[in-house]
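Have a look at work33.pdb below; it lists PDB, C-alpha atoms.
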MODEL        1
ATOM      1  CA  MET A 211    -103.303 -84.130  20.478  1.00  0.00           C
ATOM      2  CA  GLN A 212    -102.886 -82.595  23.820  1.00  0.00           C
ATOM      3  CA  GLY A 213    -102.509 -85.045  26.718  1.00  0.00           C
ATOM      4  CA  TYR A 214    -102.084 -88.141  24.538  1.00  0.00           C
ATOM      5  CA  ASN A 215     -99.027 -89.921  23.204  1.00  0.00           C
ATOM      6  CA  SER A 216     -98.581 -92.409  20.359  1.00  0.00           C
ATOM      7  CA  THR A 217     -99.143 -95.404  22.656  1.00  0.00           C
ATOM      8  CA  SER A 218    -102.410 -94.155  24.187  1.00  0.00           C
ATOM      9  CA  ILE A 219    -103.810 -93.142  20.791  1.00  0.00           C
ATOM     10  CA  GLY A 220    -102.812 -96.519  19.336  1.00  0.00           C
ATOM     11  CA  ILE A 221    -104.789 -98.233  22.107  1.00  0.00           C
ATOM     12  CA  LEU A 222    -107.839 -96.040  21.427  1.00  0.00           C
ATOM     13  CA  ILE A 223    -107.872 -96.709  17.687  1.00  0.00           C
ATOM     14  CA  GLY A 224    -106.890-100.382  17.915  1.00  0.00           C
ATOM     15  CA  SER A 225    -103.543 -99.997  16.181  1.00  0.00           C
ATOM     16  CA  LYS A 226    -100.217-101.139  17.591  1.00  0.00           C
ATOM     17  CA  SER A 227     -98.307 -98.490  15.666  1.00  0.00           C
ATOM     18  CA  PHE A 228     -99.362 -94.864  15.594  1.00  0.00           C
ATOM     19  CA  ASN A 229     -97.077 -91.891  14.997  1.00  0.00           C
ATOM     20  CA  CYS A 230     -98.433 -88.589  16.360  1.00  0.00           C
ATOM     21  CA  SER A 231     -95.957 -86.587  14.274  1.00  0.00           C
ATOM     22  CA  ARG A 232     -97.652 -87.840  11.083  1.00  0.00           C
ATOM     23  CA  VAL A 233    -101.012 -86.271  12.005  1.00  0.00           C
ATOM     24  CA  LYS A 234    -101.733 -83.315   9.737  1.00  0.00           C
ATOM     25  CA  PRO A 235    -102.751 -80.027  11.389  1.00  0.00           C
ATOM     26  CA  ALA A 236    -106.507 -79.509  11.542  1.00  0.00           C
ATOM     27  CA  LEU A 237    -108.145 -77.122   9.104  1.00  0.00           C
ATOM     28  CA  GLY A 238    -110.593 -74.473  10.193  1.00  0.00           C
ATOM     29  CA  THR A 239    -110.400 -71.702  12.701  1.00  0.00           C
ATOM     30  CA  ASP A 240    -110.425 -73.835  15.827  1.00  0.00           C
ATOM     31  CA  GLY A 241    -107.814 -76.388  14.770  1.00  0.00           C
ATOM     32  CA  ILE A 242    -109.004 -79.142  17.106  1.00  0.00           C
ATOM     33  CA  ASN A 243    -110.616 -82.485  16.486  1.00  0.00           C
ATOM     34  CA  TYR A 244    -113.427 -82.457  19.007  1.00  0.00           C
ATOM     35  CA  PRO A 245    -117.135 -82.818  18.241  1.00  0.00           C
ATOM     36  CA  THR A 246    -117.717 -79.253  19.433  1.00  0.00           C
ATOM     37  CA  MET A 247    -117.190 -76.109  17.401  1.00  0.00           C
ATOM     38  CA  HIS A 248    -116.980 -72.673  18.904  1.00  0.00           C
ATOM     39  CA  ILE A 249    -116.577 -69.025  17.991  1.00  0.00           C
ATOM     40  CA  GLN A 250    -116.368 -65.947  20.143  1.00  0.00           C
ATOM     41  CA  LEU A 251    -118.737 -63.151  19.222  1.00  0.00           C
ATOM     42  CA  LEU A 252    -117.416 -59.811  20.397  1.00  0.00           C
ATOM     43  CA  ASN A 253    -120.715 -57.941  20.384  1.00  0.00           C
ATOM     44  CA  GLY A 254    -124.260 -58.209  19.120  1.00  0.00           C
ATOM     45  CA  THR A 255    -123.566 -56.204  15.962  1.00  0.00           C
ATOM     46  CA  SER A 256    -120.487 -58.075  14.701  1.00  0.00           C
ATOM     47  CA  ARG A 257    -120.677 -59.895  11.417  1.00  0.00           C
ATOM     48  CA  ILE A 258    -118.504 -62.972  11.328  1.00  0.00           C
ATOM     49  CA  SER A 259    -118.020 -65.983   9.074  1.00  0.00           C
ATOM     50  CA  GLU A 260    -116.318 -69.164  10.269  1.00  0.00           C
ATOM     51  CA  VAL A 261    -115.687 -72.558   8.684  1.00  0.00           C
ATOM     52  CA  PHE A 262    -115.003 -75.677  10.754  1.00  0.00           C
ATOM     53  CA  TYR A 263    -113.750 -78.854   9.067  1.00  0.00           C
ATOM     54  CA  ARG A 264    -114.233 -82.320  10.527  1.00  0.00           C
ATOM     55  CA  THR A 265    -113.416 -85.843   9.382  1.00  0.00           C
ATOM     56  CA  VAL A 266    -115.215 -88.670  11.151  1.00  0.00           C
ATOM     57  CA  THR A 267    -114.705 -92.431  11.072  1.00  0.00           C
ATOM     58  CA  ASN A 268    -117.468 -95.018  10.998  1.00  0.00           C
ATOM     59  CA  VAL A 269    -116.979 -97.332  13.972  1.00  0.00           C
ATOM     60  CA  GLY A 270    -120.177 -99.291  13.303  1.00  0.00           C
ATOM     61  CA  TYR A 271    -120.612-102.236  10.969  1.00  0.00           C
ATOM     62  CA  GLY A 272    -122.545-101.978   7.741  1.00  0.00           C
ATOM     63  CA  THR A 273    -124.337 -98.926   6.430  1.00  0.00           C
ATOM     64  CA  SER A 274    -124.801 -95.938   8.737  1.00  0.00           C
ATOM     65  CA  ILE A 275    -126.493 -92.656   7.831  1.00  0.00           C
ATOM     66  CA  TYR A 276    -126.225 -89.462   9.883  1.00  0.00           C
ATOM     67  CA  LYS A 277    -128.144 -86.232   9.257  1.00  0.00           C
ATOM     68  CA  ALA A 278    -126.945 -82.966  10.769  1.00  0.00           C
ATOM     69  CA  LYS A 279    -129.365 -81.177  13.062  1.00  0.00           C
ATOM     70  CA  VAL A 280    -128.309 -77.748  14.279  1.00  0.00           C
ATOM     71  CA  THR A 281    -130.149 -75.531  16.732  1.00  0.00           C
ATOM     72  CA  ALA A 282    -128.682 -72.052  16.425  1.00  0.00           C
ATOM     73  CA  PRO A 283    -129.518 -68.984  18.489  1.00  0.00           C
ATOM     74  CA  GLU A 284    -131.614 -66.271  16.868  1.00  0.00           C
ATOM     75  CA  GLY A 285    -129.550 -64.176  14.476  1.00  0.00           C
ATOM     76  CA  LEU A 286    -126.979 -66.925  13.851  1.00  0.00           C
ATOM     77  CA  SER A 287    -127.028 -68.906  10.613  1.00  0.00           C
ATOM     78  CA  VAL A 288    -125.402 -72.359  10.546  1.00  0.00           C
ATOM     79  CA  GLU A 289    -124.973 -74.599   7.502  1.00  0.00           C
ATOM     80  CA  VAL A 290    -123.507 -78.122   7.443  1.00  0.00           C
ATOM     81  CA  ILE A 291    -122.126 -79.367   4.107  1.00  0.00           C
ATOM     82  CA  PRO A 292    -122.925 -82.113   3.329  1.00  0.00           C
ATOM     83  CA  ASP A 293    -125.814 -82.331   5.764  1.00  0.00           C
ATOM     84  CA  ILE A 294    -126.047 -86.124   5.407  1.00  0.00           C
ATOM     85  CA  LEU A 295    -123.137 -88.549   5.815  1.00  0.00           C
ATOM     86  CA  LYS A 296    -123.662 -92.060   4.405  1.00  0.00           C
ATOM     87  CA  PHE A 297    -121.134 -94.641   5.548  1.00  0.00           C
ATOM     88  CA  SER A 298    -121.016 -97.950   3.668  1.00  0.00           C
ATOM     89  CA  ARG A 299    -118.285 -99.791   5.584  1.00  0.00           C
ATOM     90  CA  LEU A 300    -116.413-100.082   8.863  1.00  0.00           C
ATOM     91  CA  HIS A 301    -113.589 -97.540   9.386  1.00  0.00           C
ATOM     92  CA  GLN A 302    -114.693 -95.438   6.404  1.00  0.00           C
ATOM     93  CA  ASP A 303    -113.758 -91.745   6.768  1.00  0.00           C
ATOM     94  CA  LEU A 304    -116.065 -88.944   5.634  1.00  0.00           C
ATOM     95  CA  SER A 305    -115.668 -85.190   5.988  1.00  0.00           C
ATOM     96  CA  PHE A 306    -118.002 -82.275   6.485  1.00  0.00           C
ATOM     97  CA  LYS A 307    -117.751 -78.560   7.107  1.00  0.00           C
TER      98      LYS A 307
ENDMDL
END
Represent the supplied structure as structure tokens.
Amino acid sequence: MQGYNSTSIGILIGSKSFNCSRVKPALGTDGINYPTMHIQLLNGTSRISEVFYRTVTNVGYGTSIYKAKVTAPEGLSVEVIPDILKFSRLHQDLSFK
């Protein structure tokens, strides 16, 4: 959590106590928790497979449904699993890859 400390993260998430050292390392090749995902393609003929894992928290009240929509460049295949996230309550966590 580069650039943030326990106090600033606690303020962001609405918690008075937050311990950065208890955060588990991210899974996936990029190891960050940002909404973006990136890979570096070395040349036009490379074949590469990457998996990015994300866990998101519902900050809205009630039921919220999100469907993944990906626009990939020609020659690049992208799959989101699951492609629909259905939240049923506030602060519920769901994961996708």
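Residues captured in this structure file are Val266, Thr267, Gln302 and Leu304 of chain A, according to the PyMOL selection byres ((chain A and resi 303) around 6).
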Self-check item: Test item: the PyMOL selection byres ((chain A and resi 307) around 7) resolved as a PyMOL selection string
Solution: chain A and resi 261-264+290-291+306
Expand the PyMOL selection byres ((chain A and resi 271-283) around 6) into the individual residues it matches in the shown file, reporting them as a PDB file with C-alpha atoms, in the coordinates of the input.
ATOM      1  CA  GLY A 270    -120.177 -99.291  13.303  1.00  0.00           C
ATOM      2  CA  GLU A 284    -131.614 -66.271  16.868  1.00  0.00           C
ATOM      3  CA  LEU A 286    -126.979 -66.925  13.851  1.00  0.00           C
ATOM      4  CA  ASP A 293    -125.814 -82.331   5.764  1.00  0.00           C
ATOM      5  CA  ILE A 294    -126.047 -86.124   5.407  1.00  0.00           C
ATOM      6  CA  LEU A 295    -123.137 -88.549   5.815  1.00  0.00           C
ATOM      7  CA  LYS A 296    -123.662 -92.060   4.405  1.00  0.00           C
ATOM      8  CA  PHE A 297    -121.134 -94.641   5.548  1.00  0.00           C
ATOM      9  CA  SER A 298    -121.016 -97.950   3.668  1.00  0.00           C
ATOM     10  CA  ARG A 299    -118.285 -99.791   5.584  1.00  0.00           C
ATOM     11  CA  LEU A 300    -116.413-100.082   8.863  1.00  0.00           C
TER      12      LEU A 300
END
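Atom CA of Pro292 of chain A sits 16.1 Å away from atom CA of Glu260 of chain A.
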